[in-house]
file final.txt (compact mmCIF, C-alpha atoms)
# COMPACT_ATOMS: atom_id res chain seq x y z
CA MET A 1235 51.45 73.58 146.22
CA THR A 1236 51.63 73.31 142.43
CA ASP A 1237 49.60 75.49 140.15
CA ARG A 1238 47.36 72.75 138.73
CA LYS A 1239 45.21 73.14 135.65
CA PRO A 1240 42.66 70.34 136.15
CA ALA A 1241 40.43 71.20 133.19
CA ALA A 1242 43.29 71.05 130.69
CA GLU A 1243 44.77 67.98 132.39
CA LEU A 1244 41.47 66.07 132.17
CA ILE A 1245 40.69 67.10 128.60
CA HIS A 1246 44.20 66.45 127.28
CA HIS A 1247 45.16 63.47 129.44
CA PRO A 1248 47.89 61.46 127.68
CA TYR A 1249 46.76 57.98 128.72
CA GLN A 1250 45.93 55.54 125.92
CA PRO A 1251 44.56 52.08 126.81
CA PRO A 1252 46.64 49.13 125.62
CA ALA A 1253 45.78 47.55 122.29
CA GLY A 1254 44.58 43.99 121.98
CA PHE A 1255 41.16 44.10 123.65
CA ALA A 1256 38.97 41.58 121.81
CA SER A 1257 35.38 40.57 122.55
CA PRO A 1258 32.33 39.28 120.66
CA VAL A 1259 30.99 42.80 120.06
CA GLU A 1260 32.48 45.74 118.22
CA PRO A 1261 33.55 48.68 120.42
CA VAL A 1262 31.25 51.69 120.21
CA HIS A 1263 33.20 54.68 118.92
CA LYS A 1264 31.53 58.06 119.32
CA GLY A 1265 32.85 61.38 118.15
CA SER A 1266 32.12 64.35 115.99
CA SER A 1267 35.63 65.82 115.87
CA ILE A 1268 38.37 63.48 114.63
CA PHE A 1269 41.97 64.43 115.50
CA PHE A 1270 44.61 64.72 112.76
CA PRO A 1271 48.37 64.63 113.39
CA ASN A 1272 49.06 67.55 111.06
CA VAL A 1273 47.52 69.81 108.42
CA ALA A 1274 48.74 67.63 105.59
CA ALA A 1275 46.79 64.67 106.94
CA LEU A 1276 43.73 66.84 107.52
CA LYS A 1277 43.75 67.91 103.86
CA ARG A 1278 44.66 64.51 102.42
CA VAL A 1279 42.06 62.16 103.92
CA ARG A 1280 38.91 61.21 101.91
CA TRP A 1281 36.25 59.60 104.05
CA ALA A 1282 34.68 57.86 101.04
CA ASP A 1283 37.81 55.71 100.70
CA ARG A 1284 37.00 54.14 104.08
CA ASP A 1285 40.67 53.88 105.05
CA ALA A 1286 40.72 56.85 107.43
CA TYR A 1287 38.39 59.15 109.35
CA THR A 1288 37.49 62.77 108.75
CA TYR A 1289 34.41 63.68 110.79
CA GLY A 1290 31.99 61.66 112.89
CA LEU A 1291 29.14 62.18 110.43
CA GLN A 1292 31.14 60.37 107.76
CA GLY A 1293 31.95 57.31 109.85
CA THR A 1294 33.74 55.79 112.81
CA PRO A 1295 35.31 52.36 113.34
CA THR A 1296 31.88 51.18 114.52
CA THR A 1297 29.99 52.28 111.41
CA PHE A 1298 32.76 51.03 109.11
CA ALA A 1299 32.48 47.61 110.78
CA LEU A 1300 28.73 47.49 110.15
CA GLU A 1301 29.19 48.54 106.53
CA ALA A 1302 31.74 45.79 105.97
CA ARG A 1303 29.50 43.12 107.44
CA LEU A 1304 26.50 44.28 105.42
CA ALA A 1305 28.60 44.21 102.25
CA THR A 1306 29.41 40.57 102.96
CA LEU A 1307 25.77 39.76 103.70
CA GLU A 1308 24.47 41.36 100.50
CA GLY A 1309 27.32 40.66 98.11
CA ALA A 1310 28.02 44.37 97.70
CA GLU A 1311 31.36 46.13 97.35
CA HIS A 1312 30.25 49.38 98.98
CA ILE A 1313 27.69 50.21 101.68
CA LEU A 1314 26.46 53.55 103.00
CA LEU A 1315 24.32 53.91 106.13
CA ALA A 1316 21.27 56.14 106.42
CA PRO A 1317 18.93 57.09 109.28
CA SER A 1318 16.11 54.88 107.91
CA GLY A 1319 15.19 52.68 104.98
CA LEU A 1320 13.15 55.52 103.51
CA ALA A 1321 16.11 57.88 103.83
CA ALA A 1322 18.22 55.34 101.94
CA LEU A 1323 15.58 55.07 99.22
CA ASN A 1324 15.30 58.83 98.86
CA LEU A 1325 19.08 59.20 98.66
CA VAL A 1326 19.13 56.90 95.64
CA ASN A 1327 16.46 59.02 93.93
CA GLN A 1328 18.24 62.24 94.87
CA THR A 1329 21.56 60.98 93.54
CA PHE A 1330 20.50 59.60 90.19
CA LEU A 1331 17.49 61.70 89.10
CA LYS A 1332 17.28 65.27 87.84
CA SER A 1333 14.66 67.50 86.28
CA GLY A 1334 13.31 65.99 83.06
CA ASP A 1335 14.07 62.40 84.06
CA HIS A 1336 11.52 59.59 84.20
CA LEU A 1337 11.19 57.08 87.05
CA LEU A 1338 9.44 53.71 87.03
CA LEU A 1339 7.98 52.10 90.15
CA PRO A 1340 6.19 48.76 90.59
CA ASP A 1341 2.48 49.17 91.31
CA ASN A 1342 2.99 47.33 94.62
CA VAL A 1343 5.76 49.72 95.66
CA TYR A 1344 6.30 50.75 99.29
CA GLY A 1345 3.73 53.49 99.87
CA PRO A 1346 6.06 56.30 100.99
CA SER A 1347 8.14 55.76 97.85
CA ARG A 1348 5.11 56.44 95.66
CA ASN A 1349 4.25 59.49 97.78
CA ALA A 1350 7.77 60.87 97.37
CA ALA A 1351 7.41 60.51 93.61
CA ARG A 1352 4.05 62.28 93.66
CA HIS A 1353 5.28 65.19 95.73
CA GLU A 1354 9.01 65.94 96.12
CA LEU A 1355 10.14 64.36 92.84
CA ALA A 1356 7.26 65.92 90.91
CA GLN A 1357 8.06 69.40 92.16
CA TRP A 1358 11.65 68.86 91.04
CA GLY A 1359 10.45 68.13 87.48
CA ILE A 1360 10.82 64.34 87.64
CA THR A 1361 7.96 62.29 86.19
CA PHE A 1362 7.05 58.75 87.18
CA ASP A 1363 4.91 55.86 86.08
CA VAL A 1364 3.99 52.50 87.62
CA TYR A 1365 4.24 49.08 86.01
CA ASP A 1366 2.82 45.63 86.72
CA PRO A 1367 5.64 43.85 88.59
CA LEU A 1368 4.40 40.45 87.41
CA ASP A 1369 4.48 41.44 83.72
CA PRO A 1370 7.94 42.19 82.26
CA ALA A 1371 6.28 43.18 78.98
CA ASP A 1372 4.35 45.90 80.79
CA LEU A 1373 7.56 47.21 82.29
CA ALA A 1374 9.23 47.19 78.87
CA ALA A 1375 6.34 49.10 77.32
CA ARG A 1376 6.57 51.87 79.91
CA LEU A 1377 10.29 52.52 79.49
CA THR A 1378 11.15 55.74 77.66
CA PRO A 1379 14.37 57.42 76.50
CA ALA A 1380 14.01 59.65 79.58
CA THR A 1381 13.82 56.72 82.02
CA ARG A 1382 16.85 56.95 84.29
CA LEU A 1383 15.86 54.79 87.27
CA VAL A 1384 13.70 51.68 87.70
CA TRP A 1385 12.79 50.37 91.14
CA LEU A 1386 12.14 46.70 91.86
CA GLU A 1387 10.71 45.18 95.04
CA ALA A 1388 10.92 41.53 96.03
CA ALA A 1389 8.51 40.75 97.47
CA GLY A 1390 6.07 43.61 96.81
CA SER A 1391 4.75 45.77 99.59
CA VAL A 1392 1.62 44.48 101.39
CA THR A 1393 0.49 42.02 98.70
CA LEU A 1394 3.85 40.21 98.53
CA GLU A 1395 3.96 39.38 94.83
CA PHE A 1396 7.37 37.92 93.98
CA PRO A 1397 8.53 39.26 90.59
CA ASP A 1398 10.55 37.53 87.92
CA LEU A 1399 13.67 39.53 88.70
CA PRO A 1400 15.83 38.23 85.82
CA ALA A 1401 13.09 39.05 83.31
CA LEU A 1402 12.53 42.55 84.68
CA VAL A 1403 16.26 43.30 84.68
CA ALA A 1404 16.59 41.96 81.13
CA ALA A 1405 13.72 44.17 79.94
CA VAL A 1406 15.41 47.28 81.30
CA ARG A 1407 18.84 46.38 79.93
CA GLU A 1408 17.40 45.75 76.46
CA ARG A 1409 14.96 48.65 76.15
CA ALA A 1410 16.55 51.34 78.34
CA PRO A 1411 20.28 50.69 78.78
CA GLN A 1412 20.68 54.24 80.11
CA ALA A 1413 18.54 53.43 83.16
CA LEU A 1414 19.84 52.24 86.51
CA ILE A 1415 18.06 49.45 88.37
CA ALA A 1416 17.53 49.71 92.12
CA LEU A 1417 16.12 46.93 94.31
CA ASP A 1418 14.45 47.21 97.70
CA HIS A 1419 15.37 43.85 99.18
CA THR A 1420 14.43 44.47 102.80
CA TRP A 1421 12.11 41.43 102.67
CA GLY A 1422 14.95 39.13 101.63
CA ALA A 1423 17.39 40.57 104.21
CA GLY A 1424 20.36 39.27 102.22
CA LEU A 1425 19.29 35.71 103.09
CA ALA A 1426 16.35 34.74 100.86
CA PHE A 1427 18.38 35.53 97.73
CA ALA A 1428 21.57 37.31 96.71
CA PRO A 1429 20.37 40.62 95.26
CA PHE A 1430 23.34 41.42 93.04
CA ASP A 1431 23.16 38.01 91.36
CA PHE A 1432 20.22 39.39 89.37
CA GLY A 1433 22.28 42.21 87.87
CA VAL A 1434 20.81 45.17 89.74
CA ASP A 1435 22.91 48.30 90.17
CA VAL A 1436 21.89 49.47 93.64
CA THR A 1437 20.10 48.00 96.63
CA ILE A 1438 18.47 49.53 99.66
CA HIS A 1439 17.82 47.69 102.90
CA ALA A 1440 15.70 48.87 105.83
CA LEU A 1441 17.94 47.69 108.66
CA THR A 1442 15.08 48.69 110.95
CA LYS A 1443 13.54 45.32 110.09
CA TYR A 1444 15.36 41.97 110.28
CA PRO A 1445 19.00 43.09 110.79
CA SER A 1446 18.03 44.99 113.93
CA GLY A 1447 15.47 42.43 115.01
CA GLY A 1448 14.47 44.28 118.15
CA GLY A 1449 11.89 46.74 116.92
CA ASP A 1450 13.89 49.53 118.54
CA VAL A 1451 16.20 50.91 115.83
CA LEU A 1452 15.67 53.04 112.72
CA MET A 1453 18.37 52.64 110.06
CA GLY A 1454 18.85 51.92 106.38
CA SER A 1455 21.63 51.10 103.97
CA ILE A 1456 22.49 51.57 100.30
CA GLY A 1457 24.65 49.00 98.55
CA CYS A 1458 26.36 48.82 95.17
CA ARG A 1459 29.26 47.14 93.43
CA ASP A 1460 30.27 49.77 90.89
CA ARG A 1461 32.85 52.24 92.18
CA ALA A 1462 31.61 55.12 90.02
CA LEU A 1463 28.06 54.71 91.32
CA TYR A 1464 29.39 54.55 94.86
CA GLU A 1465 31.32 57.80 94.41
CA ARG A 1466 28.13 59.54 93.28
CA LEU A 1467 26.14 58.10 96.18
CA ALA A 1468 28.85 58.95 98.69
CA ALA A 1469 29.06 62.54 97.47
CA ALA A 1470 25.30 63.00 97.75
CA HIS A 1471 25.34 61.26 101.13
CA GLY A 1472 27.96 63.68 102.42
CA ARG A 1473 26.15 66.74 101.08
CA SER A 1474 22.87 65.55 102.63
CA GLY A 1475 24.31 65.35 106.12
CA LEU A 1476 23.04 61.82 106.71
CA GLY A 1477 24.37 60.14 109.81
CA VAL A 1478 23.50 57.32 112.21
CA GLY A 1479 23.99 57.07 115.95
CA ALA A 1480 26.76 54.87 117.29
CA ASN A 1481 24.49 53.16 119.81
CA ASP A 1482 22.02 52.28 117.06
CA VAL A 1483 24.87 50.85 114.99
CA GLU A 1484 25.88 48.78 118.00
CA LEU A 1485 22.38 47.29 118.21
CA VAL A 1486 22.33 46.38 114.50
CA LEU A 1487 25.79 44.80 114.78
CA ARG A 1488 24.54 42.74 117.71
CA GLY A 1489 21.42 41.76 115.77
CA LEU A 1490 23.41 40.52 112.77
CA ALA A 1491 24.82 37.64 114.81
CA THR A 1492 21.36 36.10 115.20
CA LEU A 1493 19.85 37.28 111.90
CA PRO A 1494 19.91 33.89 110.10
CA LEU A 1495 18.38 32.10 113.10
CA ARG A 1496 15.61 34.66 113.58
CA TYR A 1497 14.84 34.89 109.88
CA ALA A 1498 14.53 31.11 109.60
CA ALA A 1499 12.31 30.92 112.69
CA GLN A 1500 10.00 33.68 111.49
CA ASP A 1501 9.88 32.16 108.01
CA ALA A 1502 8.86 28.76 109.44
CA ALA A 1503 6.28 30.28 111.77
CA ALA A 1504 4.77 32.39 108.97
CA ARG A 1505 4.31 29.30 106.82
CA GLN A 1506 2.57 27.55 109.70
CA VAL A 1507 0.23 30.49 110.29
CA ALA A 1508 -0.37 30.79 106.54
CA ALA A 1509 -1.35 27.11 106.30
CA TRP A 1510 -3.83 27.58 109.15
CA ALA A 1511 -5.28 30.75 107.61
CA GLN A 1512 -5.85 29.02 104.27
CA GLN A 1513 -8.45 26.84 105.99
CA HIS A 1514 -10.36 29.70 107.61
CA PRO A 1515 -13.84 30.17 106.09
CA ALA A 1516 -13.53 33.98 105.93
CA VAL A 1517 -10.20 33.95 104.10
CA ARG A 1518 -10.26 33.96 100.32
CA GLN A 1519 -6.50 33.70 99.78
CA VAL A 1520 -3.30 33.91 101.78
CA LEU A 1521 -0.61 35.91 100.02
CA HIS A 1522 2.81 34.48 100.81
CA PRO A 1523 5.44 33.76 98.11
CA ALA A 1524 6.12 30.23 99.36
CA LEU A 1525 2.46 29.20 98.91
CA PRO A 1526 1.49 27.67 95.55
CA GLY A 1527 -1.03 29.96 93.93
CA SER A 1528 0.34 33.10 95.55
CA PRO A 1529 1.31 35.64 92.85
CA GLY A 1530 4.88 35.07 91.77
CA HIS A 1531 5.26 31.73 93.56
CA ALA A 1532 7.01 30.13 90.58
CA ALA A 1533 9.61 32.90 90.44
CA TRP A 1534 10.14 32.63 94.20
CA ALA A 1535 10.56 28.84 93.99
CA ARG A 1536 13.16 29.27 91.24
CA ASP A 1537 15.11 32.23 92.61
CA ALA A 1538 14.82 32.25 96.42
CA GLN A 1539 15.88 29.96 99.22
CA ALA A 1540 13.69 31.32 102.01
CA ALA A 1541 10.74 33.59 102.71
CA ALA A 1542 10.27 36.30 105.30
CA GLY A 1543 7.74 36.28 108.14
CA LEU A 1544 5.10 38.30 106.27
CA LEU A 1545 1.73 37.13 105.01
CA THR A 1546 -1.41 38.94 103.93
CA LEU A 1547 -4.99 37.71 104.24
CA THR A 1548 -7.56 38.56 101.59
CA PHE A 1549 -11.24 37.99 102.30
CA HIS A 1550 -14.33 36.72 100.53
CA GLU A 1551 -16.64 39.16 98.81
CA GLY A 1552 -18.96 40.78 101.30
CA VAL A 1553 -16.30 41.25 103.99
CA SER A 1554 -15.98 45.02 104.29
CA SER A 1555 -13.02 47.17 105.25
CA ALA A 1556 -14.86 48.07 108.46
CA ALA A 1557 -15.22 44.39 109.32
CA VAL A 1558 -11.50 43.75 108.72
CA GLU A 1559 -10.59 46.74 110.87
CA ALA A 1560 -12.88 45.48 113.63
CA ALA A 1561 -11.15 42.09 113.44
CA ALA A 1562 -7.79 43.83 113.77
CA ASP A 1563 -9.07 45.61 116.87
CA ARG A 1564 -9.97 42.25 118.41
CA LEU A 1565 -6.41 40.95 118.17
CA ARG A 1566 -4.68 40.59 121.53
CA VAL A 1567 -1.31 38.91 120.83
CA PHE A 1568 -0.76 40.62 117.49
CA ARG A 1569 -0.21 44.33 118.06
CA LEU A 1570 -1.34 47.04 115.67
CA ALA A 1571 1.81 48.72 114.42
CA TRP A 1572 3.80 49.53 111.30
CA SER A 1573 7.05 47.74 110.47
CA TRP A 1574 8.08 44.12 110.89
CA GLY A 1575 11.08 41.93 111.64
CA GLY A 1576 11.01 42.29 115.44
CA PRO A 1577 10.06 39.81 118.18
CA VAL A 1578 6.42 40.96 118.47
CA SER A 1579 3.86 39.90 115.85
CA LEU A 1580 2.17 42.88 114.20
CA ALA A 1581 -0.97 43.45 112.12
CA VAL A 1582 -2.13 46.27 109.85
CA PRO A 1583 -5.36 46.40 107.81
CA TYR A 1584 -5.19 47.98 104.35
CA ASP A 1585 -7.65 48.96 101.65
CA LEU A 1586 -5.90 48.08 98.40
CA ALA A 1587 -8.03 50.54 96.45
CA LEU A 1588 -5.98 53.28 98.13
CA LEU A 1589 -2.63 51.61 97.33
CA ARG A 1590 -2.86 50.52 93.70
CA SER A 1591 -3.05 52.49 90.45
CA LEU A 1592 -3.26 49.98 87.60
CA PRO A 1593 -6.70 48.84 86.43
CA GLY A 1594 -7.51 45.20 87.03
CA GLY A 1595 -5.17 44.92 89.98
CA ARG A 1596 -5.99 43.36 93.30
CA ARG A 1597 -8.57 45.32 95.30
CA GLY A 1598 -10.47 45.08 98.57
CA PRO A 1599 -9.60 44.98 102.27
CA VAL A 1600 -6.64 42.90 103.43
CA LEU A 1601 -4.91 42.22 106.72
CA ARG A 1602 -1.12 42.08 106.65
CA LEU A 1603 0.51 40.02 109.38
CA ALA A 1604 4.15 40.26 110.41
CA ILE A 1605 5.09 37.16 112.37
CA GLY A 1606 7.35 37.66 115.37
CA LEU A 1607 8.91 35.09 117.66
CA GLU A 1608 5.85 33.87 119.56
CA GLU A 1609 4.76 30.24 119.21
CA PRO A 1610 2.66 29.84 116.04
CA GLU A 1611 -0.20 28.16 117.92
CA VAL A 1612 -0.51 31.23 120.13
CA LEU A 1613 -0.85 33.38 117.02
CA THR A 1614 -3.43 31.16 115.32
CA THR A 1615 -5.52 31.09 118.50
CA ASP A 1616 -5.51 34.88 118.53
CA LEU A 1617 -6.41 35.03 114.85
CA ALA A 1618 -9.24 32.51 115.35
CA GLN A 1619 -11.03 34.66 117.90
CA ALA A 1620 -10.43 37.87 115.92
CA LEU A 1621 -11.66 36.47 112.60
CA ALA A 1622 -14.61 34.46 113.95
CA PRO A 1623 -17.26 37.13 113.24
CA LEU A 1624 -16.09 37.31 109.60
CA ALA A 1625 -16.72 33.63 108.90
CA GLY A 1626 -20.28 34.27 107.77
CA GLY A 1627 -19.08 36.59 104.99
call {"tool": "encode", "arguments": {"input": "final.txt", "output": "structure tokens"}}
result
Amino acid sequence: MTDRKPAAELIHHPYQPPAGFASPVEPVHKGSSIFFPNVAALKRVRWADRDAYTYGLQGTPTTFALEARLATLEGAEHILLAPSGLAALNLVNQTFLKSGDHLLLPDNVYGPSRNAARHELAQWGITFDVYDPLDPADLAARLTPATRLVWLEAAGSVTLEFPDLPALVAAVRERAPQALIALDHTWGAGLAFAPFDFGVDVTIHALTKYPSGGGDVLMGSIGCRDRALYERLAAAHGRSGLGVGANDVELVLRGLATLPLRYAAQDAAARQVAAWAQQHPAVRQVLHPALPGSPGHAAWARDAQAAAGLLTLTFHEGVSSAAVEAAADRLRVFRLAWSWGGPVSLAVPYDLALLRSLPGGRRGPVLRLAIGLEEPEVLTTDLAQALAPLAGG
């Protein structure tokens, strides 16, 4: 009887499967430790070059595949993955801002971004201001010699104004050439418009939304074209210990195959629901970039080829926040939940007085709707019963 060492034999088994396995989905590679053939290779490899592997946190064949596909989708040269869209956004701030710098945000910015500026960035000695995203002159007037980063959103959070991106970029380049321009283009998903065509430096994308499409993944990405900017982002990314799970990457890769079909379907359904809502007696205005009269519609019509499945209902004077919240509670097909881009239609009531800073901006209660994959007539029937008590004003 031989003196077997089963533990060592199982751990160090020499078998390697044959090459050449091909299927519609990328293999899921998991691993923290990555083996090197020798010390020279261990010391030579740079994970940021994306031509070899160093440690699981810095990438596997699965994550590299997702990065490459996202770069194609967005027109970027370099992509980094983050655990969420907000993590991606914060990494951009962390990389490019330091004490004494000035940051500019649109007044309709994603709420957690404004909160990060008020708290973490403020305690690091970084100041911020907000500008009217529909007024390039207002942006230009708020730029200072200390401005190092300007955020754009298209469309804006909750109220969905579509900015004149070329004019905003031109204002920054002329008045503050030292500042970088970052764009949150989660709404466009790389399909409504090509973000880098407008001359921005960096993009972030909440892959949680349309690229995933299932409402079951949290992930974000940062994209850029400039190698020097990428090196700075990659260094900060590595020092921050940001990583994503291989199974989540698998789900986003799977979702990318159907992204254009789902985006188009949700776009079409949102327009149908928006047209119905425009006729409702309680609704003052439907905010949706593809609707004439919606803020920024002309810029959308000129610069975009599609619109996401988001719309926001504003209400006639006399409809209170409590009444809008009660209407949201009456919804049965729409579910009350944050996020969007998945198969289930979602609704969230907001009070714009709590979200906006600039005087004269839009105020009052609104109801944001994220259209899923249900039939539009099912959604309008649900909205009809929920909004009926508001019709009297």
call {"tool": "closest_atom_pairs", "arguments": {"input": "final.txt", "of": "stretch 1421-1496 of chain A", "to": "stretch 1325-1335 of chain A", "cutoff": "8 Å", "atoms": "all atoms listed in the file", "output": "Markdown table"}}
result
| residue | atom | partner | partner_atom | distance |
| --- | --- | --- | --- | --- |
| A:Ile1456 | CA | A:Val1326 | CA | 7.8 |
| A:Arg1466 | CA | A:Thr1329 | CA | 6.7 |
| A:Leu1467 | CA | A:Thr1329 | CA | 6.0 |
| A:Ala1470 | CA | A:Thr1329 | CA | 6.0 |
| A:His1471 | CA | A:Leu1325 | CA | 7.0 |
call {"tool": "closest_residue", "arguments": {"input": "final.txt", "among": "A:Ala1540, A:Thr1420, A:Gly1265, A:Gly1319", "to": "A:Val1451", "atoms": "all atoms listed in the file"}}
result
A:Gly1319
call {"tool": "residues_near_point", "arguments": {"input": "final.txt", "point": "(2.1, 33.7, 101.2)", "cutoff": "12 Å", "atoms": "only C-alpha atoms", "output": "number ranges by chain"}}
result
A: 1389-1390, 1392-1396, 1501-1512, 1519-1531, 1534, 1540-1548, 1602-1604
call {"tool": "residues_around", "arguments": {"input": "final.txt", "residues": "stretch 1488-1499 of chain A", "least_positions_apart": "3", "cutoff": "6 Å", "atoms": "all atoms listed in the file", "output": "number ranges by chain"}}
result
A: 1445-1446, 1485, 1502
call {"tool": "atom_distance", "arguments": {"input": "final.txt", "atom1": "atom CA of A:Pro1340", "atom2": "atom CA of A:Glu1301"}}
result
28.0 Å
call {"tool": "closest_atom_pairs", "arguments": {"input": "final.txt", "of": "stretch 1296-1347 of chain A", "to": "stretch 1241-1260 of chain A", "cutoff": "12 Å", "atoms": "all atoms listed in the file", "output": "JSON lines"}}
result
{"residue": "A:Thr1296", "atom": "CA", "partner": "A:Glu1260", "partner_atom": "CA", "distance": 6.6}
{"residue": "A:Thr1297", "atom": "CA", "partner": "A:Glu1260", "partner_atom": "CA", "distance": 9.8}
{"residue": "A:Phe1298", "atom": "CA", "partner": "A:Glu1260", "partner_atom": "CA", "distance": 10.5}
{"residue": "A:Ala1299", "atom": "CA", "partner": "A:Glu1260", "partner_atom": "CA", "distance": 7.7}
{"residue": "A:Leu1300", "atom": "CA", "partner": "A:Glu1260", "partner_atom": "CA", "distance": 9.1}
{"residue": "A:Arg1303", "atom": "CA", "partner": "A:Glu1260", "partner_atom": "CA", "distance": 11.5}
call {"tool": "decode", "arguments": {"input": "final.txt", "residues": "stretch 1389-1401 of chain A", "atoms": "C-alpha atoms", "output": "PDB file, in the first residue's frame"}}
result
ATOM      1  CA  ALA A1389     -30.436  63.608 -18.056  1.00  0.00           C
ATOM      2  CA  GLY A1390     -30.590  65.198 -14.594  1.00  0.00           C
ATOM      3  CA  SER A1391     -31.599  63.229 -11.552  1.00  0.00           C
ATOM      4  CA  VAL A1392     -35.358  63.028 -10.838  1.00  0.00           C
ATOM      5  CA  THR A1393     -36.424  66.013 -12.971  1.00  0.00           C
ATOM      6  CA  LEU A1394     -34.698  64.735 -16.126  1.00  0.00           C
ATOM      7  CA  GLU A1395     -33.581  68.023 -17.651  1.00  0.00           C
ATOM      8  CA  PHE A1396     -31.376  67.321 -20.669  1.00  0.00           C
ATOM      9  CA  PRO A1397     -28.478  69.819 -20.738  1.00  0.00           C
ATOM     10  CA  ASP A1398     -26.757  71.377 -23.709  1.00  0.00           C
ATOM     11  CA  LEU A1399     -23.657  69.236 -23.288  1.00  0.00           C
ATOM     12  CA  PRO A1400     -21.531  70.909 -25.999  1.00  0.00           C
ATOM     13  CA  ALA A1401     -22.224  74.347 -24.522  1.00  0.00           C
TER      14      ALA A1401
END
